[in-house]
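Okay, structure first, notes after.
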Amino acid sequence: MMRTLSSALVVALAVGQVASFAPHHTPAKFAVSGSALSARKPFITGNWKLNPTTRDECSELATNIASSVDGGKDIDVALFVPSVFIKSVQEAVGDKLLVGAETVCPQLSGAFTGEVSAPQLKSVGITWALAGHSERRAIFNEVDTYINSQVTRLLEQGMSVVICIGETDSEYEQGLASAMCSMQLRKGLAGVSAEEMGRVVVAYEPVWAIGTGKVATPEVAQSVHENVRKILGEMYGQKIADETRILYGGSVTPDSVDDLMDRPDIDGVLVGGASLDAGKFGRIINFEAK
């Protein structure tokens, strides 16, 4: 069954957990301790989803993207790719960027046809995976408890995770963006220790902006990111909140990336369609924050 919320729960979340979703003043970018500044190195990531079609296309795309990575720029770059293409992408990019998995099964082994476990990924050199992407939530019915089991399994295996959170169009229109993000974040990170948060990245992806060409304005995205950091502070303390990288995902393009990356609480992007175009993704990797 797809994720739903009762009216009573929605009201409780909106009233009891978070403040309003209005943009407000934010501090200067990275106005945090030295260790937090280091931890919040920009992180530019691409999610290929069910693309490309062939291994040859995959290798060519990965090679061209890797050529855009400037070793002198102090950022992290990662590609999250279909499992069948992991080896090909690793060979194509070398040590220019990170390669991650688009999903993971929380089970270690057993009768789970078609799944790939964290230990299996780790054995082929994968240390990063996505969890909670909106398409996995909606199409494959992955709920918060399942996503939490993915997150905790990856961390237990010494791996790192990008946990995705975000609201639907109707939830956004009802002013429930912050409430939904709060619920998904608290449930998704249940049982995750402060020490483990060093291997967790949060990606805010408004569902209404994924693959639609719509992009949350930098002001709206910043407002949500700032609130997410506030929630992390309530959960883990301000130091951990300041050190945790929060990415924006939702039809990011070369035209929108500079303004997004100029916001104080936007530490990177999770790019879908544009990551399938080496020229576009190369421009995003080499963003020009003001």
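Identifiers in this document derive from the order of the structure tokens: chains are assigned A, B, ..., residues are numbered from 1 separately in each chain, and ligands are numbered from 1 in order of occurrence.
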
Could you give me, as a tab-separated table, every region 103-207 of chain A residue with an atom at most 10 Å from region 74-93 of chain A, plus its closest atom pair and distance in Å to one decimal, counting only C-alpha atoms, rows ordered by chain then number?
residue	atom	partner	partner_atom	distance
A:Thr103	CA	A:Pro82	CA	8.8
A:Val104	CA	A:Ser83	CA	9.8
A:Val116	CA	A:Ser83	CA	8.3
A:Leu121	CA	A:Ser83	CA	8.7
A:Val124	CA	A:Lys87	CA	7.8
A:Gly125	CA	A:Gln90	CA	8.8
A:Ile126	CA	A:Ile86	CA	8.4
A:Trp128	CA	A:Phe80	CA	8.3
A:Ala129	CA	A:Phe80	CA	7.2
A:Leu130	CA	A:Phe80	CA	7.6

Residues of the last selection are to be written out with N, CA, C and O atoms, as a JSON list (two decimals), in the first residue's frame.
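again_10.json was written with the following content:
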[["chain", "number", "residue", "atom", "x", "y", "z"],
["A", 103, "THR", "N", 19.99, 1.64, -4.58],
["A", 103, "THR", "CA", 19.19, 1.10, -3.49],
["A", 103, "THR", "C", 19.93, -0.09, -2.90],
["A", 103, "THR", "O", 20.99, -0.50, -3.41],
["A", 104, "VAL", "N", 19.41, -0.62, -1.81],
["A", 104, "VAL", "CA", 20.03, -1.77, -1.16],
["A", 104, "VAL", "C", 18.96, -2.55, -0.41],
["A", 104, "VAL", "O", 17.99, -1.98, 0.08],
["A", 116, "VAL", "N", 19.94, -6.94, -3.83],
["A", 116, "VAL", "CA", 21.38, -6.84, -3.65],
["A", 116, "VAL", "C", 21.63, -6.33, -2.24],
["A", 116, "VAL", "O", 21.05, -5.31, -1.82],
["A", 121, "LEU", "N", 27.42, -5.31, -2.08],
["A", 121, "LEU", "CA", 27.89, -4.04, -2.64],
["A", 121, "LEU", "C", 29.28, -3.70, -2.12],
["A", 121, "LEU", "O", 30.16, -3.30, -2.89],
["A", 124, "VAL", "N", 32.29, -5.34, -3.78],
["A", 124, "VAL", "CA", 32.74, -4.87, -5.10],
["A", 124, "VAL", "C", 33.16, -3.40, -5.05],
["A", 124, "VAL", "O", 33.20, -2.71, -6.07],
["A", 125, "GLY", "N", 33.46, -2.91, -3.85],
["A", 125, "GLY", "CA", 34.03, -1.58, -3.71],
["A", 125, "GLY", "C", 33.04, -0.44, -3.55],
["A", 125, "GLY", "O", 33.43, 0.73, -3.63],
["A", 126, "ILE", "N", 31.77, -0.75, -3.31],
["A", 126, "ILE", "CA", 30.76, 0.29, -3.14],
["A", 126, "ILE", "C", 30.66, 0.65, -1.66],
["A", 126, "ILE", "O", 30.48, -0.23, -0.81],
["A", 128, "TRP", "N", 28.77, 3.71, -0.82],
["A", 128, "TRP", "CA", 27.64, 4.63, -0.72],
["A", 128, "TRP", "C", 26.40, 4.02, -1.37],
["A", 128, "TRP", "O", 26.50, 3.29, -2.36],
["A", 129, "ALA", "N", 25.22, 4.34, -0.81],
["A", 129, "ALA", "CA", 23.96, 3.94, -1.42],
["A", 129, "ALA", "C", 22.88, 4.97, -1.08],
["A", 129, "ALA", "O", 22.96, 5.66, -0.06],
["A", 130, "LEU", "N", 21.88, 5.04, -1.95],
["A", 130, "LEU", "CA", 20.71, 5.86, -1.68],
["A", 130, "LEU", "C", 19.70, 5.06, -0.87],
["A", 130, "LEU", "O", 19.62, 3.83, -0.98]]

Name the residues of region 46-277 of chain A that come out as alpha helix (DSSP H) in a backbone DSSP run; write them as an NGL selection string.
:A and (55-66 or 86-93 or 118-123 or 134-139 or 144-156 or 169-173 or 177-188 or 218-236 or 238-243 or 257-261)

So that I can check the secondary structure, give me every residue of region 102-181 of chain A assigned strand (DSSP E) by backbone DSSP, as a VMD selection string.
chain A and resid 128 to 131 160 to 165

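Near region 150-161 of chain A, within a cut-off of 8 Å and counting only C-alpha atoms, sit the residues A:Val104, A:Cys105, A:Pro106, A:Ala118, A:Pro119, A:Lys122, A:Thr127, A:Trp128, A:Ala129, A:Leu130, A:Ala131, A:Gly188, A:Leu189, A:Gly191, A:Val192, A:Glu196, A:Arg199, A:Val200, A:Val201, with same-chain residues fewer than 6 positions away left out.
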
Can you spit out the residues from that selection as a short mmCIF file (atom, residue, chain, number, x, y, z; two decimals), in the first residue's frame, using N, CA, C and O atoms?
data_model
loop_
_atom_site.label_atom_id
_atom_site.label_comp_id
_atom_site.auth_asym_id
_atom_site.auth_seq_id
_atom_site.Cartn_x
_atom_site.Cartn_y
_atom_site.Cartn_z
N VAL A 104 19.41 -0.62 -1.81
CA VAL A 104 20.03 -1.77 -1.16
C VAL A 104 18.96 -2.55 -0.41
O VAL A 104 17.99 -1.98 0.08
N CYS A 105 19.13 -3.86 -0.36
CA CYS A 105 18.23 -4.70 0.43
C CYS A 105 18.76 -4.75 1.87
O CYS A 105 19.95 -4.99 2.07
N PRO A 106 17.92 -4.54 2.88
CA PRO A 106 18.40 -4.58 4.25
C PRO A 106 18.74 -5.98 4.76
O PRO A 106 19.40 -6.13 5.78
N ALA A 118 23.92 -5.12 1.28
CA ALA A 118 25.02 -4.21 1.60
C ALA A 118 26.38 -4.93 1.55
O ALA A 118 27.33 -4.38 0.97
N PRO A 119 26.51 -6.12 2.12
CA PRO A 119 27.80 -6.81 2.02
C PRO A 119 28.20 -7.11 0.57
O PRO A 119 29.38 -7.05 0.23
N LYS A 122 29.47 -3.87 -0.84
CA LYS A 122 30.76 -3.55 -0.23
C LYS A 122 31.87 -4.41 -0.82
O LYS A 122 33.00 -3.93 -1.01
N THR A 127 30.75 1.92 -1.35
CA THR A 127 30.65 2.38 0.04
C THR A 127 29.49 3.33 0.26
O THR A 127 29.22 3.74 1.39
N TRP A 128 28.77 3.71 -0.82
CA TRP A 128 27.64 4.63 -0.72
C TRP A 128 26.40 4.02 -1.37
O TRP A 128 26.50 3.29 -2.36
N ALA A 129 25.22 4.34 -0.81
CA ALA A 129 23.96 3.94 -1.42
C ALA A 129 22.88 4.97 -1.08
O ALA A 129 22.96 5.66 -0.06
N LEU A 130 21.88 5.04 -1.95
CA LEU A 130 20.71 5.86 -1.68
C LEU A 130 19.70 5.06 -0.87
O LEU A 130 19.62 3.83 -0.98
N ALA A 131 18.89 5.75 -0.09
CA ALA A 131 17.76 5.14 0.62
C ALA A 131 16.63 6.15 0.67
O ALA A 131 16.86 7.34 0.89
N GLY A 188 13.34 7.76 9.50
CA GLY A 188 14.43 7.18 8.71
C GLY A 188 15.73 7.05 9.48
O GLY A 188 16.53 6.15 9.21
N LEU A 189 15.95 7.94 10.44
CA LEU A 189 17.19 7.93 11.21
C LEU A 189 17.01 7.32 12.60
O LEU A 189 17.93 7.39 13.42
N GLY A 191 17.38 5.14 15.62
CA GLY A 191 18.42 4.20 15.99
C GLY A 191 19.80 4.55 15.48
O GLY A 191 20.77 3.85 15.80
N VAL A 192 19.93 5.62 14.70
CA VAL A 192 21.24 6.05 14.18
C VAL A 192 21.91 6.91 15.24
O VAL A 192 21.33 7.88 15.73
N GLU A 196 27.49 7.83 14.08
CA GLU A 196 27.22 7.33 12.74
C GLU A 196 26.78 8.43 11.78
O GLU A 196 26.87 8.26 10.56
N ARG A 199 28.50 9.54 8.55
CA ARG A 199 28.38 8.79 7.30
C ARG A 199 26.98 8.89 6.71
O ARG A 199 26.57 8.06 5.90
N VAL A 200 26.25 9.93 7.14
CA VAL A 200 24.89 10.16 6.63
C VAL A 200 24.82 11.51 5.94
O VAL A 200 25.29 12.52 6.46
N VAL A 201 24.25 11.52 4.75
CA VAL A 201 23.93 12.75 4.02
C VAL A 201 22.42 12.75 3.81
O VAL A 201 21.81 11.71 3.54
#

Residues at most 9 Å from Ile285 (chain A), counting only C-alpha atoms, excluding those fewer than 4 positions away in the same chain, as an mmCIF file with N, CA and C atoms, in the first residue's frame?
data_model
loop_
_atom_site.group_PDB
_atom_site.id
_atom_site.type_symbol
_atom_site.label_atom_id
_atom_site.label_comp_id
_atom_site.auth_asym_id
_atom_site.auth_seq_id
_atom_site.Cartn_x
_atom_site.Cartn_y
_atom_site.Cartn_z
ATOM 1 N N PHE A 43 28.916 18.480 -2.138
ATOM 2 C CA PHE A 43 28.737 17.112 -2.599
ATOM 3 C C PHE A 43 27.784 17.143 -3.792
ATOM 4 N N ILE A 44 28.310 16.881 -4.978
ATOM 5 C CA ILE A 44 27.524 16.882 -6.216
ATOM 6 C C ILE A 44 27.298 15.433 -6.627
ATOM 7 N N THR A 45 26.038 15.031 -6.707
ATOM 8 C CA THR A 45 25.725 13.624 -6.969
ATOM 9 C C THR A 45 24.759 13.480 -8.138
ATOM 10 N N SER A 68 35.176 15.889 -16.506
ATOM 11 C CA SER A 68 34.744 17.208 -16.052
ATOM 12 C C SER A 68 35.155 17.506 -14.621
ATOM 13 N N VAL A 69 35.608 16.483 -13.909
ATOM 14 C CA VAL A 69 35.963 16.656 -12.503
ATOM 15 C C VAL A 69 37.343 17.292 -12.411
ATOM 16 N N ASP A 70 37.392 18.465 -11.819
ATOM 17 C CA ASP A 70 38.638 19.199 -11.647
ATOM 18 C C ASP A 70 39.252 18.809 -10.312
ATOM 19 N N ILE A 75 35.643 19.466 -3.769
ATOM 20 C CA ILE A 75 34.280 18.959 -3.669
ATOM 21 C C ILE A 75 34.298 17.444 -3.770
ATOM 22 N N VAL A 77 32.217 14.262 -5.578
ATOM 23 C CA VAL A 77 31.317 13.960 -6.690
ATOM 24 C C VAL A 77 31.014 12.468 -6.657
ATOM 25 N N LYS A 280 25.967 18.817 -19.394
ATOM 26 C CA LYS A 280 25.151 19.467 -18.370
ATOM 27 C C LYS A 280 25.650 19.125 -16.968
ATOM 28 N N PHE A 281 25.925 17.849 -16.744
ATOM 29 C CA PHE A 281 26.367 17.453 -15.409
ATOM 30 C C PHE A 281 27.754 18.024 -15.112
#

Taking 4 positions as the minimum chain separation for residues in the same chain, which residues sit within 9 Å of Ala203 (chain A) when counting only C-alpha atoms? Answer as a PyMOL selection string.
chain A and resi 133+162-166+245-249+268-270

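Among the candidate residues A:Ala179, A:Ala274, A:Ala289, A:Ile240, the one lying nearest to Arg40 (chain A) is A:Ile240, with distances computed using only C-alpha atoms.
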
Within 12 Å of region 218-221 of chain A, counting only C-alpha atoms, which residues show up once you throw out same-chain ones fewer than 6 positions away? Write them as a tab-separated table (two decimals) with N, CA, C and O atoms, in the first residue's frame, please.
chain	number	residue	atom	x	y	z
A	20	SER	N	6.25	27.18	10.74
A	20	SER	CA	5.73	27.42	9.40
A	20	SER	C	6.82	27.27	8.36
A	20	SER	O	8.01	27.30	8.66
A	21	PHE	N	6.39	27.17	7.10
A	21	PHE	CA	7.29	26.91	5.99
A	21	PHE	C	7.69	28.20	5.28
A	21	PHE	O	8.02	28.20	4.11
A	22	ALA	N	7.66	29.30	5.98
A	22	ALA	CA	7.99	30.58	5.35
A	22	ALA	C	9.49	30.81	5.36
A	22	ALA	O	10.14	30.58	6.38
A	23	PRO	N	10.07	31.28	4.25
A	23	PRO	CA	11.50	31.60	4.23
A	23	PRO	C	11.81	32.68	5.25
A	23	PRO	O	11.02	33.58	5.50
A	24	HIS	N	12.98	32.59	5.85
A	24	HIS	CA	13.38	33.59	6.81
A	24	HIS	C	14.90	33.73	6.80
A	24	HIS	O	15.58	33.05	6.07
A	25	HIS	N	15.41	34.65	7.59
A	25	HIS	CA	16.84	34.97	7.55
A	25	HIS	C	17.70	33.77	7.90
A	25	HIS	O	17.36	32.99	8.78
A	26	THR	N	18.82	33.64	7.19
A	26	THR	CA	19.74	32.54	7.47
A	26	THR	C	21.14	33.10	7.63
A	26	THR	O	21.49	34.15	7.11
A	166	GLY	N	11.13	14.19	1.35
A	166	GLY	CA	10.47	15.23	0.56
A	166	GLY	C	8.97	15.04	0.51
A	166	GLY	O	8.45	13.95	0.78
A	172	TYR	N	2.77	19.94	-0.29
A	172	TYR	CA	3.40	21.26	-0.37
A	172	TYR	C	2.34	22.36	-0.39
A	172	TYR	O	2.46	23.38	0.30
A	175	GLY	N	0.95	23.32	2.85
A	175	GLY	CA	1.90	23.86	3.82
A	175	GLY	C	2.51	22.82	4.73
A	175	GLY	O	2.96	23.12	5.84
A	177	ALA	N	5.17	20.75	3.92
A	177	ALA	CA	6.51	20.32	3.50
A	177	ALA	C	7.40	20.03	4.70
A	177	ALA	O	8.04	18.97	4.79
A	178	SER	N	7.45	20.94	5.64
A	178	SER	CA	8.32	20.76	6.80
A	178	SER	C	7.86	19.61	7.67
A	178	SER	O	8.67	18.86	8.22
A	203	ALA	N	19.17	14.22	1.63
A	203	ALA	CA	18.80	14.86	0.37
A	203	ALA	C	17.34	15.25	0.42
A	203	ALA	O	16.47	14.38	0.58
A	204	TYR	N	17.07	16.54	0.31
A	204	TYR	CA	15.68	17.02	0.23
A	204	TYR	C	15.28	17.05	-1.24
A	204	TYR	O	15.88	17.75	-2.06
A	205	GLU	N	14.27	16.26	-1.57
A	205	GLU	CA	13.79	16.20	-2.95
A	205	GLU	C	12.27	16.40	-2.96
A	205	GLU	O	11.52	15.46	-2.72
A	206	PRO	N	11.81	17.62	-3.22
A	206	PRO	CA	10.36	17.84	-3.33
A	206	PRO	C	9.82	17.00	-4.48
A	206	PRO	O	10.26	17.16	-5.62
A	209	ALA	N	8.88	18.31	-7.87
A	209	ALA	CA	9.91	18.90	-8.73
A	209	ALA	C	10.77	17.85	-9.42
A	209	ALA	O	11.66	18.20	-10.19
A	227	ASN	N	15.30	24.24	7.99
A	227	ASN	CA	14.46	23.55	8.95
A	227	ASN	C	14.94	22.12	9.19
A	227	ASN	O	14.91	21.62	10.32
A	228	VAL	N	15.42	21.46	8.13
A	228	VAL	CA	15.98	20.12	8.29
A	228	VAL	C	17.17	20.16	9.23
A	228	VAL	O	17.33	19.30	10.11
A	246	ILE	N	23.43	18.56	3.56
A	246	ILE	CA	22.05	18.46	3.09
A	246	ILE	C	22.03	18.86	1.61
A	246	ILE	O	22.41	19.97	1.26
A	247	LEU	N	21.60	17.93	0.76
A	247	LEU	CA	21.57	18.15	-0.68
A	247	LEU	C	20.17	18.52	-1.15
A	247	LEU	O	19.18	18.15	-0.52
A	248	TYR	N	20.11	19.23	-2.26
A	248	TYR	CA	18.81	19.50	-2.89
A	248	TYR	C	18.69	18.65	-4.15
A	248	TYR	O	19.61	18.60	-4.98
A	249	GLY	N	17.52	18.02	-4.34
A	249	GLY	CA	17.27	17.24	-5.54
A	249	GLY	C	15.89	17.56	-6.10
A	249	GLY	O	14.91	17.57	-5.37
A	250	GLY	N	15.81	17.81	-7.37
A	250	GLY	CA	14.52	18.11	-7.98
A	250	GLY	C	14.71	18.92	-9.25
A	250	GLY	O	14.66	20.15	-9.23
A	252	VAL	N	17.35	19.65	-11.01
A	252	VAL	CA	18.49	20.56	-10.98
A	252	VAL	C	19.09	20.65	-12.37
A	252	VAL	O	19.27	19.63	-13.05
A	256	SER	N	20.09	26.38	-12.83
A	256	SER	CA	19.61	26.59	-11.46
A	256	SER	C	20.67	26.31	-10.40
A	256	SER	O	20.53	26.75	-9.26
A	257	VAL	N	21.73	25.60	-10.75
A	257	VAL	CA	22.66	25.11	-9.73
A	257	VAL	C	23.40	26.23	-9.00
A	257	VAL	O	23.62	26.14	-7.79
A	258	ASP	N	23.80	27.28	-9.70
A	258	ASP	CA	24.60	28.32	-9.06
A	258	ASP	C	23.83	29.01	-7.93
A	258	ASP	O	24.36	29.20	-6.83
A	259	ASP	N	22.58	29.37	-8.20
A	259	ASP	CA	21.77	30.02	-7.17
A	259	ASP	C	21.49	29.08	-6.01
A	259	ASP	O	21.47	29.50	-4.85
A	260	LEU	N	21.26	27.81	-6.31
A	260	LEU	CA	21.01	26.85	-5.24
A	260	LEU	C	22.24	26.70	-4.34
A	260	LEU	O	22.14	26.75	-3.11
A	261	MET	N	23.40	26.54	-4.97
A	261	MET	CA	24.63	26.32	-4.19
A	261	MET	C	25.09	27.57	-3.45
A	261	MET	O	25.97	27.48	-2.59
A	262	ASP	N	24.50	28.70	-3.76
A	262	ASP	CA	24.85	29.93	-3.07
A	262	ASP	C	24.13	30.07	-1.72
A	262	ASP	O	24.45	30.96	-0.94
A	263	ARG	N	23.17	29.17	-1.45
A	263	ARG	CA	22.39	29.26	-0.21
A	263	ARG	C	23.15	28.59	0.94
A	263	ARG	O	23.81	27.56	0.76
A	264	PRO	N	23.06	29.17	2.14
A	264	PRO	CA	23.91	28.72	3.25
A	264	PRO	C	23.69	27.29	3.72
A	264	PRO	O	24.60	26.67	4.23
A	265	ASP	N	22.47	26.74	3.54
A	265	ASP	CA	22.21	25.40	4.03
A	265	ASP	C	22.07	24.36	2.91
A	265	ASP	O	21.69	23.22	3.17
A	266	ILE	N	22.39	24.75	1.69
A	266	ILE	CA	22.39	23.81	0.56
A	266	ILE	C	23.83	23.42	0.27
A	266	ILE	O	24.61	24.23	-0.21
A	267	ASP	N	24.18	22.19	0.59
A	267	ASP	CA	25.57	21.74	0.55
A	267	ASP	C	25.90	20.91	-0.69
A	267	ASP	O	27.03	20.42	-0.83
A	268	GLY	N	24.94	20.74	-1.56
A	268	GLY	CA	25.16	19.95	-2.76
A	268	GLY	C	23.84	19.66	-3.43
A	268	GLY	O	22.79	20.16	-3.03
A	269	VAL	N	23.89	18.84	-4.47
A	269	VAL	CA	22.68	18.52	-5.23
A	269	VAL	C	22.65	17.03	-5.57
A	269	VAL	O	23.68	16.39	-5.72

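Relative to CA of Val207 (chain A), CA of Leu185 (chain A) is found at 15.3 Å.
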
Fewer than 4 positions away in the same chain doesn't count, so skip those; otherwise give me all residues within 9 Å of Asp144 (chain A), counting only C-alpha atoms, as JSON, numbers by chain.
{"A": [3, 132, 137, 148, 149, 183, 184, 185, 187, 188]}

Generate a file of the selected residues that holds N, CA, C and O atoms, formatted as an mmCIF file, in the first residue's frame.
data_model
loop_
_atom_site.group_PDB
_atom_site.id
_atom_site.type_symbol
_atom_site.label_atom_id
_atom_site.label_comp_id
_atom_site.auth_asym_id
_atom_site.auth_seq_id
_atom_site.Cartn_x
_atom_site.Cartn_y
_atom_site.Cartn_z
ATOM 1 N N ARG A 3 2.186 5.037 0.650
ATOM 2 C CA ARG A 3 2.188 5.795 1.889
ATOM 3 C C ARG A 3 1.038 6.775 1.907
ATOM 4 O O ARG A 3 0.820 7.556 1.000
ATOM 5 N N GLY A 132 15.416 5.690 0.424
ATOM 6 C CA GLY A 132 14.260 6.559 0.570
ATOM 7 C C GLY A 132 13.944 7.453 -0.606
ATOM 8 O O GLY A 132 13.134 8.380 -0.474
ATOM 9 N N ARG A 137 9.796 5.018 -2.772
ATOM 10 C CA ARG A 137 8.661 5.112 -1.847
ATOM 11 C C ARG A 137 7.332 4.908 -2.587
ATOM 12 O O ARG A 137 6.467 4.145 -2.139
ATOM 13 N N ASN A 148 14.409 2.928 7.064
ATOM 14 C CA ASN A 148 15.240 2.937 8.267
ATOM 15 C C ASN A 148 16.096 1.680 8.350
ATOM 16 O O ASN A 148 17.274 1.739 8.748
ATOM 17 N N SER A 149 15.525 0.532 7.962
ATOM 18 C CA SER A 149 16.302 -0.711 8.003
ATOM 19 C C SER A 149 17.426 -0.689 6.967
ATOM 20 O O SER A 149 18.505 -1.249 7.193
ATOM 21 N N MET A 183 8.875 14.148 9.733
ATOM 22 C CA MET A 183 8.457 12.777 10.001
ATOM 23 C C MET A 183 9.375 11.773 9.315
ATOM 24 O O MET A 183 9.835 10.799 9.938
ATOM 25 N N GLN A 184 9.670 12.001 8.043
ATOM 26 C CA GLN A 184 10.511 11.068 7.300
ATOM 27 C C GLN A 184 11.927 11.021 7.866
ATOM 28 O O GLN A 184 12.542 9.949 7.940
ATOM 29 N N LEU A 185 12.438 12.171 8.274
ATOM 30 C CA LEU A 185 13.792 12.229 8.813
ATOM 31 C C LEU A 185 13.881 11.508 10.151
ATOM 32 O O LEU A 185 14.793 10.702 10.389
ATOM 33 N N LYS A 187 11.878 9.195 11.403
ATOM 34 C CA LYS A 187 11.663 7.753 11.246
ATOM 35 C C LYS A 187 12.833 7.096 10.513
ATOM 36 O O LYS A 187 13.267 6.001 10.868
ATOM 37 N N GLY A 188 13.341 7.762 9.498
ATOM 38 C CA GLY A 188 14.427 7.180 8.712
ATOM 39 C C GLY A 188 15.725 7.050 9.475
ATOM 40 O O GLY A 188 16.529 6.150 9.210
#

Could you tell me which of A:Cys181, A:Thr212, A:Lys239, A:Gln222 comes closest to Gly198 (chain A) if we count only C-alpha atoms?
A:Lys239

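Pairwise distance (CA of Gln120 (chain A), CA of Leu98 (chain A)) equals 17.1 Å.
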
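The spacing separating CA of Ile147 (chain A) from CA of Ala62 (chain A) amounts to 28.0 Å.
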